[in-house]
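K.L.:
Could you have a look at this structure, given as structure tokens, before my questions?
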Amino acid sequence: MTARDFTERDIHLALDGELPDEERAAFEAWLEANPEMKARNNRFGTDREALRLALADALDEPVPARFTKLVVGDPGTRMLQRSRWWQAAAAAVLLATGAAGGYVAGTRGIGTEDAVADRFAEEAVAAYVVYAAEKRHAVEVPAADGEHMRSWLSARIGLRLVTPDLTADGFQLVGGRLLPAGTGKAAMLLYEDAEGNRISLFVTSESGSYAKGTYAERNGPTAVYWLDKGYGCAVVGALPQERLAIVARNAYRQLIEGAESKV
């Protein structure tokens, strides 16, 4: 039998456990032969897990009777059918709940392509991999020269840059450096905790783009990113995803509030 051509739809079928078992080996081989789709598969899987974690408490709550009746009718007259329509409706409810909670992995819809976000996240992860492991040359400007670092990086990337205070999350600023990013430039701030774990804050100018989510390579670091308000911001690290998401939200809030408070 000739293996069929797989598409992005099959990635979602595989993640949902709906890809036929007999196609699994061919699907895995297709991923290995298509690095872009493999990266997308990893990112979708990470987003799925982030959504599950964000809604963990709500998933254990009973569905209100009024919602059940609204969807399936009076239990006395209609049987609850586990159809694909019901699954789709449940997914829509979960996504709406996640959005109301303030954190949803991805904002452009399930299965849609966002080349700008992919490129940005990949650059942020690549920068972390190269520099976070460096002991003596991880940064160009140390935290002790913070005022110069902020003004220098702000001028280079064309944005008002602040250095978020992450001490409440257990991280101290190590310093920063300037990096290329696409056709422009990026600032990378490096932080370290008492155990030696490092995270990076990767910032660029991304006017006109809007997205947020997570990105990770298998067995590699994870990036939690936002493209909004003219900023591209990614926090990258090899921390448990729940902790990284908390640190990322704190960093992004300070970055935006700090920039908006300046005249």
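For the structure tokens, the naming scheme is as follows: chains receive sequential letters (A, B, ...) according to their order of presentation, residues are indexed from 1 within each chain, and ligands are indexed from 1 in presentation order.
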What's the 9 Å shell around Gly184 of chain A, counting only C-alpha atoms, without same-chain residues fewer than 5 positions away, as a short mmCIF file (atom, residue, chain, number, x, y, z; two decimals) with C-alpha atoms, in the first residue's frame?
P.N.:
data_model
loop_
_atom_site.label_atom_id
_atom_site.label_comp_id
_atom_site.auth_asym_id
_atom_site.auth_seq_id
_atom_site.Cartn_x
_atom_site.Cartn_y
_atom_site.Cartn_z
CA ILE A 157 15.40 47.92 18.75
CA LEU A 179 20.66 40.14 18.52
CA THR A 204 11.42 42.90 19.31
CA SER A 205 9.29 45.47 17.54
#
K.L.:
Pick out the residues sitting within 9 Å of Arg198 of chain A, and hand them over as a ChimeraX atom specification; count only C-alpha atoms, and ignore anything fewer than 3 positions along from it in its own chain.
P.N.:
/A:132-133,171,190-193,195,236-239
K.L.:
Please identify all polymer residues within 12 Å of Ala126 of chain A, counting only C-alpha atoms, omitting same-chain residues fewer than 3 positions from it, and present them as a PyMOL selection string.
P.N.:
chain A and resi 119-123+129-133+179-181+188+200+202+215-217+220-223+234+236-237
K.L.:
Glu147 of chain A: which residues within 12 Å, counting only C-alpha atoms, same-chain residues fewer than 6 positions away excluded, as a list of chain:residue names?
P.N.:
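Answer for this query is A:Val141, A:Leu153, A:Ser154, A:Leu161, A:Val162, A:Thr163, A:Gly175, A:Gly176.
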K.L.:
Taking C-alpha atoms for each residue, export the selection above as an mmCIF file, in the first residue's frame.
P.N.:
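See selection-v6.cif below for the written result:
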data_model
loop_
_atom_site.group_PDB
_atom_site.id
_atom_site.type_symbol
_atom_site.label_atom_id
_atom_site.label_comp_id
_atom_site.auth_asym_id
_atom_site.auth_seq_id
_atom_site.Cartn_x
_atom_site.Cartn_y
_atom_site.Cartn_z
ATOM 1 C CA VAL A 141 26.107 44.346 29.192
ATOM 2 C CA LEU A 153 18.918 48.332 23.732
ATOM 3 C CA SER A 154 15.919 50.663 23.516
ATOM 4 C CA LEU A 161 12.581 48.790 26.992
ATOM 5 C CA VAL A 162 12.295 48.192 30.724
ATOM 6 C CA THR A 163 13.930 45.354 32.649
ATOM 7 C CA GLY A 175 22.331 41.267 31.833
ATOM 8 C CA GLY A 176 21.386 41.755 28.214
#
K.L.:
Between A:Met149, A:Leu189, A:Leu178, A:Leu159, single out the one closest to Gly258 of chain A, counting only C-alpha atoms.
P.N.:
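Nearest to Gly258 of chain A: A:Leu159.
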K.L.:
What gap, in Å, lies between atom CA of Ala117 of chain A and atom CA of Thr46 of chain A?
P.N.:
14.7 Å
K.L.:
Give me the residues within 12 Å of His12 of chain A as an mmCIF file with N, CA and C atoms, in the first residue's frame, counting only C-alpha atoms and dropping any in the same chain fewer than 6 places off.
P.N.:
data_model
loop_
_atom_site.group_PDB
_atom_site.id
_atom_site.type_symbol
_atom_site.label_atom_id
_atom_site.label_comp_id
_atom_site.auth_asym_id
_atom_site.auth_seq_id
_atom_site.Cartn_x
_atom_site.Cartn_y
_atom_site.Cartn_z
ATOM 1 N N PHE A 6 -0.059 13.225 4.149
ATOM 2 C CA PHE A 6 -0.640 13.751 5.374
ATOM 3 C C PHE A 6 -0.695 15.271 5.313
ATOM 4 N N GLU A 18 -7.341 10.298 17.347
ATOM 5 C CA GLU A 18 -8.294 9.844 16.337
ATOM 6 C C GLU A 18 -7.623 9.374 15.047
ATOM 7 N N LEU A 19 -6.300 9.416 14.986
ATOM 8 C CA LEU A 19 -5.601 8.910 13.798
ATOM 9 C C LEU A 19 -5.596 7.387 13.863
ATOM 10 N N PHE A 27 2.615 8.285 9.644
ATOM 11 C CA PHE A 27 2.486 9.672 10.095
ATOM 12 C C PHE A 27 3.762 10.136 10.786
ATOM 13 N N MET A 37 6.449 20.752 9.706
ATOM 14 C CA MET A 37 5.260 20.132 10.276
ATOM 15 C C MET A 37 5.563 19.491 11.629
ATOM 16 N N ARG A 40 5.461 22.238 14.061
ATOM 17 C CA ARG A 40 4.071 22.634 14.283
ATOM 18 C C ARG A 40 3.363 21.602 15.181
ATOM 19 N N ASN A 41 3.648 20.325 14.953
ATOM 20 C CA ASN A 41 3.078 19.269 15.794
ATOM 21 C C ASN A 41 3.488 19.456 17.254
ATOM 22 N N ASN A 42 4.770 19.776 17.475
ATOM 23 C CA ASN A 42 5.249 19.992 18.843
ATOM 24 C C ASN A 42 4.586 21.208 19.474
ATOM 25 N N ARG A 43 4.428 22.280 18.686
ATOM 26 C CA ARG A 43 3.820 23.495 19.223
ATOM 27 C C ARG A 43 2.345 23.274 19.557
ATOM 28 N N PHE A 44 1.617 22.577 18.655
ATOM 29 C CA PHE A 44 0.214 22.306 18.930
ATOM 30 C C PHE A 44 0.064 21.431 20.170
ATOM 31 N N GLY A 45 0.972 20.461 20.326
ATOM 32 C CA GLY A 45 0.917 19.609 21.503
ATOM 33 C C GLY A 45 1.163 20.386 22.783
ATOM 34 N N ASP A 47 0.615 23.651 23.168
ATOM 35 C CA ASP A 47 -0.557 24.512 23.369
ATOM 36 C C ASP A 47 -1.707 23.710 23.987
ATOM 37 N N ARG A 48 -1.885 22.483 23.515
ATOM 38 C CA ARG A 48 -2.968 21.633 24.028
ATOM 39 C C ARG A 48 -2.766 21.359 25.517
ATOM 40 N N ILE A 110 -7.661 27.020 16.163
ATOM 41 C CA ILE A 110 -7.010 25.736 16.069
ATOM 42 C C ILE A 110 -6.717 25.415 14.622
ATOM 43 N N GLY A 111 -5.470 25.068 14.343
ATOM 44 C CA GLY A 111 -5.103 24.611 13.021
ATOM 45 C C GLY A 111 -4.782 25.700 12.026
ATOM 46 N N THR A 112 -4.826 26.976 12.397
ATOM 47 C CA THR A 112 -4.497 28.022 11.454
ATOM 48 C C THR A 112 -3.036 28.383 11.558
#
K.L.:
Quick one: everything within 6 Å of Tyr225 of chain A, counting only C-alpha atoms, minus sequence neighbours fewer than 2 positions away in the same chain. Send it as number ranges by chain.
P.N.:
A: 212-213, 233-234
K.L.:
Could you turn the residues from that selection into a file that holds C-alpha atoms, as a compact mmCIF listing (two decimals), in the first residue's frame?
P.N.:
# COMPACT_ATOMS: atom_id res chain seq x y z
CA LYS A 212 0.01 34.64 21.94
CA GLY A 213 0.81 31.07 22.81
CA CYS A 233 7.87 39.34 23.79
CA ALA A 234 8.93 35.74 24.52
K.L.:
Could you check which of A:Thr7, A:Glu242, A:Ala124, A:Arg136 is closest to Ile199 of chain A, using only C-alpha atoms?
P.N.:
A:Ala124
K.L.:
If you run DSSP on the backbone here, which positions in segment 196-231 of chain A get strand (DSSP E)? Please write them as JSON, numbers by chain.
P.N.:
{"A": [198, 199, 200, 201, 202, 203, 204, 205, 211, 212, 213, 214, 215, 216, 222, 223, 224, 225, 226, 227, 228, 231]}
